[in-house]
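Here's query02.txt, which has compact mmCIF, C-alpha atoms:
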```txt
# COMPACT_ATOMS: atom_id res chain seq x y z
CA MET A 158 16.38 6.78 -14.19
CA ASN A 159 13.51 8.90 -12.86
CA VAL A 160 10.12 7.77 -14.16
CA PHE A 161 6.72 9.27 -13.58
CA ILE A 162 4.05 6.57 -13.36
CA ASP A 163 0.53 7.54 -14.32
CA THR A 164 -2.44 6.50 -12.20
CA ASN A 165 -3.68 3.91 -14.70
CA VAL A 166 -0.49 1.87 -14.33
CA VAL A 167 -0.75 1.87 -10.53
CA VAL A 168 -4.41 0.84 -10.72
CA ASP A 169 -3.46 -1.92 -13.19
CA PHE A 170 -1.10 -3.32 -10.58
CA LEU A 171 -3.33 -2.92 -7.53
CA GLY A 172 -6.42 -4.17 -9.34
CA LYS A 173 -4.55 -6.98 -11.08
CA ARG A 174 -6.22 -5.89 -14.30
CA GLU A 175 -6.21 -8.64 -16.88
CA GLY A 176 -3.94 -7.82 -19.80
CA PHE A 177 -2.15 -5.05 -17.91
CA PHE A 178 -1.09 -6.46 -14.54
CA GLU A 179 2.08 -8.23 -15.67
CA SER A 180 3.66 -5.12 -17.17
CA ALA A 181 2.68 -2.99 -14.18
CA ALA A 182 4.07 -5.64 -11.82
CA MET A 183 7.38 -5.62 -13.69
CA ILE A 184 7.62 -1.85 -13.27
CA PHE A 185 6.82 -2.12 -9.55
CA GLN A 186 9.54 -4.77 -9.27
CA MET A 187 12.01 -2.50 -11.05
CA GLN A 188 11.26 0.18 -8.45
CA LYS A 189 11.65 -2.34 -5.61
CA ASP A 190 14.98 -3.54 -7.07
CA GLY A 191 16.27 0.04 -7.35
CA LYS A 192 16.51 -0.06 -11.15
CA ILE A 193 14.25 2.97 -11.47
CA ASP A 194 13.27 5.81 -9.20
CA ALA A 195 9.53 6.15 -9.61
CA ILE A 196 7.31 9.12 -8.89
CA VAL A 197 3.54 9.20 -8.59
CA SER A 198 1.39 12.20 -7.88
CA SER A 199 -0.52 12.73 -4.68
CA LEU A 200 -3.65 12.57 -6.84
CA THR A 201 -2.72 9.01 -7.81
CA ILE A 202 -2.61 7.99 -4.14
CA ILE A 203 -6.00 9.60 -3.50
CA ASN A 204 -7.58 8.05 -6.59
CA CYS A 205 -6.21 4.61 -5.71
CA ALA A 206 -7.65 4.87 -2.20
CA TYR A 207 -11.03 5.78 -3.68
CA ILE A 208 -10.95 2.84 -6.11
CA LEU A 209 -9.61 0.35 -3.56
CA ARG A 210 -12.26 1.20 -0.96
CA LYS A 211 -14.88 -0.13 -3.34
CA VAL A 212 -13.13 -3.51 -3.59
CA PHE A 213 -11.38 -4.06 -0.24
CA SER A 214 -12.09 -3.54 3.43
CA ARG A 215 -11.02 -0.26 4.97
CA GLU A 216 -7.97 -1.86 6.61
CA VAL A 217 -6.82 -3.61 3.43
CA MET A 218 -7.28 -0.37 1.45
CA LEU A 219 -5.27 1.60 4.02
CA ASP A 220 -2.50 -1.04 4.02
CA LYS A 221 -2.25 -0.89 0.23
CA VAL A 222 -2.17 2.92 0.24
CA GLU A 223 0.49 2.87 2.95
CA LYS A 224 2.64 0.55 0.80
CA LEU A 225 2.25 2.92 -2.15
CA CYS A 226 3.41 5.80 0.02
CA LYS A 227 6.45 3.83 1.12
CA THR A 228 7.27 2.58 -2.38
CA PHE A 229 7.17 5.76 -4.46
CA ARG A 230 8.23 9.34 -4.28
CA ILE A 231 5.03 11.36 -4.21
CA SER A 232 4.70 14.71 -5.91
CA ALA A 233 2.53 17.41 -4.36
CA ILE A 234 -0.24 19.30 -6.11
CA ASP A 235 -0.83 22.89 -5.06
CA LYS A 236 -2.28 26.07 -6.53
CA THR A 237 0.88 26.84 -8.49
CA THR A 238 0.72 23.41 -10.12
CA LEU A 239 -2.92 23.91 -11.08
CA VAL A 240 -2.32 27.37 -12.51
CA GLU A 241 0.65 26.21 -14.57
CA ALA A 242 -1.43 23.33 -15.96
CA LEU A 243 -4.21 25.75 -16.86
CA GLU A 244 -1.78 28.11 -18.57
CA ARG A 245 -0.54 25.29 -20.80
CA ARG A 246 -4.08 24.61 -22.09
CA PRO A 247 -3.32 20.88 -22.30
CA TYR A 248 -5.34 18.23 -24.04
CA ASP A 249 -5.81 16.46 -20.70
CA PHE A 250 -5.82 18.79 -17.70
CA GLU A 251 -5.58 16.02 -15.07
CA ASP A 252 -2.55 14.44 -16.75
CA ALA A 253 -0.90 17.85 -17.09
CA VAL A 254 -1.44 18.56 -13.39
CA GLN A 255 0.15 15.25 -12.44
CA TYR A 256 3.08 15.77 -14.80
CA ILE A 257 3.75 19.34 -13.63
CA SER A 258 3.65 18.18 -10.02
CA ALA A 259 6.44 15.71 -10.85
CA LEU A 260 8.74 18.25 -12.55
CA PRO A 261 10.76 19.01 -9.40
CA TYR A 262 11.84 15.34 -9.49
CA LYS A 263 13.07 15.73 -13.09
CA PRO A 264 11.33 12.71 -14.65
CA ASP A 265 13.11 11.23 -17.65
CA ILE A 266 9.99 9.50 -18.92
CA VAL A 267 6.26 9.17 -18.32
CA ILE A 268 4.84 5.64 -18.17
CA THR A 269 1.14 5.52 -19.00
CA ARG A 270 -1.41 3.54 -20.96
CA ASP A 271 -3.00 6.85 -22.05
CA LYS A 272 -0.23 8.45 -24.09
CA ARG A 273 -2.66 10.93 -25.64
CA GLY A 274 -3.03 12.73 -22.30
CA PHE A 275 0.68 13.58 -22.18
CA LEU A 276 1.38 14.34 -25.85
CA ASP A 277 1.64 18.11 -25.42
CA LEU A 278 4.21 17.86 -22.63
CA GLU A 279 8.02 17.88 -22.86
CA VAL A 280 9.06 14.44 -21.70
CA PRO A 281 9.12 11.14 -23.61
CA ILE A 282 6.06 8.97 -23.09
CA MET A 283 5.92 5.18 -23.12
CA THR A 284 3.38 2.53 -22.34
CA PRO A 285 4.42 0.00 -19.72
CA ASP A 286 5.13 -2.58 -22.46
CA GLU A 287 7.24 -0.10 -24.44
CA PHE A 288 9.20 0.85 -21.33
CA ILE A 289 9.91 -2.77 -20.41
CA ALA A 290 10.99 -3.56 -23.95
CA GLU A 291 13.32 -0.55 -23.96
CA CYS A 292 14.85 -1.61 -20.63
CA LYS A 293 15.58 -5.07 -22.02
CA LYS A 294 17.71 -3.63 -24.84
```
If you took the structure in this file and wrote it as structure tokens, what would it be?
Amino acid sequence: MNVFIDTNVVVDFLGKREGFFESAAMIFQMQKDGKIDAIVSSLTIINCAYILRKVFSREVMLDKVEKLCKTFRISAIDKTTLVEALERRPYDFEDAVQYISALPYKPDIVITRDKRGFLDLEVPIMTPDEFIAECKK
């Protein structure tokens, strides 16, 4: 199953955010175990580096970003992606850009804690908890 993972889920994992870390960690483990094929956007990697540099040393931040790059497939964002997102007039431009960048990987689902940002797009949307519950069925 191809899943697109939104930035907030990655940050939940890396930042060990209380109330959200466990679900994010389960999804990361599913990727590691080969149960899912996860995609993140290049913007997610950049945003995580920016957030991590405020909390960790430069070397720790770079190590964590390197692990992200090795763990996930990473979708590119270019002018075509931006224009297509603009043409859709989405509720959340940034989420639309990320989603459109992932389309070449044919995601089956988007995993996010901000479902509202993806509502006007074509793929099913689940929170991490919803996704984990569905996988347990």
Would you please work out which residue, of A:Asp277, A:Asp169, A:Glu175, A:Asp265, is nearest to Arg245 (chain A) when using only C-alpha atoms? A:Asp277
Closest of A:Met158, A:Arg230, A:Ala242, A:Asp286 to Val197 (chain A), counting only C-alpha atoms, is A:Arg230
At most 9 Å is the cut-off: for each residue in region 230-277 of chain A with any atom that close to an atom of region 200-224 of chain A, write down the nearest atom pair and the distance in Å rounded to one decimal, counting only C-alpha atoms, chain first then increasing number, as a Markdown table.
```
| residue | atom | partner | partner_atom | distance |
| --- | --- | --- | --- | --- |
| A:Ile231 | CA | A:Ile202 | CA | 8.4 |
| A:Ser232 | CA | A:Leu200 | CA | 8.7 |
| A:Ala233 | CA | A:Leu200 | CA | 8.2 |
| A:Ile234 | CA | A:Leu200 | CA | 7.6 |
| A:Gln255 | CA | A:Leu200 | CA | 7.3 |
```
Which distance in Å separates CA of Phe178 (chain A) and CA of Phe250 (chain A), to one decimal?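 CA of Phe178 (chain A) sits 25.9 Å away from CA of Phe250 (chain A).
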Give the answer as one residue: which of A:Ile196, A:Val240, A:Cys292, A:Met183 has the shortest atom-to-atom distance to Leu260 (chain A), using all atoms listed in the file? A:Ile196
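One finds CA of Pro285 (chain A) at 8.5 Å from CA of Phe177 (chain A).
One finds CA of Ser198 (chain A) at 14.4 Å from CA of Lys236 (chain A).
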Could you list, as a PDB file with C-alpha atoms, in the coordinates of the input, every residue within 12 Å of Ala181 (chain A), counting all atoms listed in the file and ignoring same-chain residues fewer than 2 positions away?
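Below you can see part_30.pdb, which holds the result:
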```pdb
ATOM      1  CA  ILE A 162       4.050   6.570 -13.360  1.00  0.00           C
ATOM      2  CA  ASP A 163       0.530   7.540 -14.320  1.00  0.00           C
ATOM      3  CA  THR A 164      -2.440   6.500 -12.200  1.00  0.00           C
ATOM      4  CA  ASN A 165      -3.680   3.910 -14.700  1.00  0.00           C
ATOM      5  CA  VAL A 166      -0.490   1.870 -14.330  1.00  0.00           C
ATOM      6  CA  VAL A 167      -0.750   1.870 -10.530  1.00  0.00           C
ATOM      7  CA  VAL A 168      -4.410   0.840 -10.720  1.00  0.00           C
ATOM      8  CA  ASP A 169      -3.460  -1.920 -13.190  1.00  0.00           C
ATOM      9  CA  PHE A 170      -1.100  -3.320 -10.580  1.00  0.00           C
ATOM     10  CA  LEU A 171      -3.330  -2.920  -7.530  1.00  0.00           C
ATOM     11  CA  GLY A 172      -6.420  -4.170  -9.340  1.00  0.00           C
ATOM     12  CA  LYS A 173      -4.550  -6.980 -11.080  1.00  0.00           C
ATOM     13  CA  ARG A 174      -6.220  -5.890 -14.300  1.00  0.00           C
ATOM     14  CA  GLU A 175      -6.210  -8.640 -16.880  1.00  0.00           C
ATOM     15  CA  GLY A 176      -3.940  -7.820 -19.800  1.00  0.00           C
ATOM     16  CA  PHE A 177      -2.150  -5.050 -17.910  1.00  0.00           C
ATOM     17  CA  PHE A 178      -1.090  -6.460 -14.540  1.00  0.00           C
ATOM     18  CA  GLU A 179       2.080  -8.230 -15.670  1.00  0.00           C
ATOM     19  CA  MET A 183       7.380  -5.620 -13.690  1.00  0.00           C
ATOM     20  CA  ILE A 184       7.620  -1.850 -13.270  1.00  0.00           C
ATOM     21  CA  PHE A 185       6.820  -2.120  -9.550  1.00  0.00           C
ATOM     22  CA  GLN A 186       9.540  -4.770  -9.270  1.00  0.00           C
ATOM     23  CA  MET A 187      12.010  -2.500 -11.050  1.00  0.00           C
ATOM     24  CA  GLN A 188      11.260   0.180  -8.450  1.00  0.00           C
ATOM     25  CA  ILE A 268       4.840   5.640 -18.170  1.00  0.00           C
ATOM     26  CA  THR A 269       1.140   5.520 -19.000  1.00  0.00           C
ATOM     27  CA  ARG A 270      -1.410   3.540 -20.960  1.00  0.00           C
ATOM     28  CA  THR A 284       3.380   2.530 -22.340  1.00  0.00           C
ATOM     29  CA  PRO A 285       4.420   0.000 -19.720  1.00  0.00           C
ATOM     30  CA  ASP A 286       5.130  -2.580 -22.460  1.00  0.00           C
ATOM     31  CA  GLU A 287       7.240  -0.100 -24.440  1.00  0.00           C
ATOM     32  CA  PHE A 288       9.200   0.850 -21.330  1.00  0.00           C
ATOM     33  CA  ILE A 289       9.910  -2.770 -20.410  1.00  0.00           C
TER      34      ILE A 289
END
```
With 3 Å of padding per side, what axis-aligned box (centre and edge lengths, Å, one decimal) covers all the listed atoms of region 261-269 of chain A? Give it as JSON.
```
{"center_x": 7.1, "center_y": 12.3, "center_z": -14.2, "size_x": 18.0, "size_y": 19.5, "size_z": 15.6}
```
Got a sec: who's within 9 Å of Phe275 (chain A), counting all atoms listed in the file, leaving out chain neighbours fewer than 4 positions off, as a list of chain:residue names? A:Pro247, A:Tyr248, A:Asp249, A:Asp252, A:Ala253, A:Tyr256, A:Val267, A:Thr269, A:Asp271, A:Glu279, A:Val280, A:Pro281, A:Ile282
Give me the residues near Thr238 (chain A) as an MDAnalysis selection string, where near means some atom within 8 Å (using only C-alpha atoms) and where sequence neighbours in that chain fewer than 5 positions away do not count. chainID A and resid 254 257:258
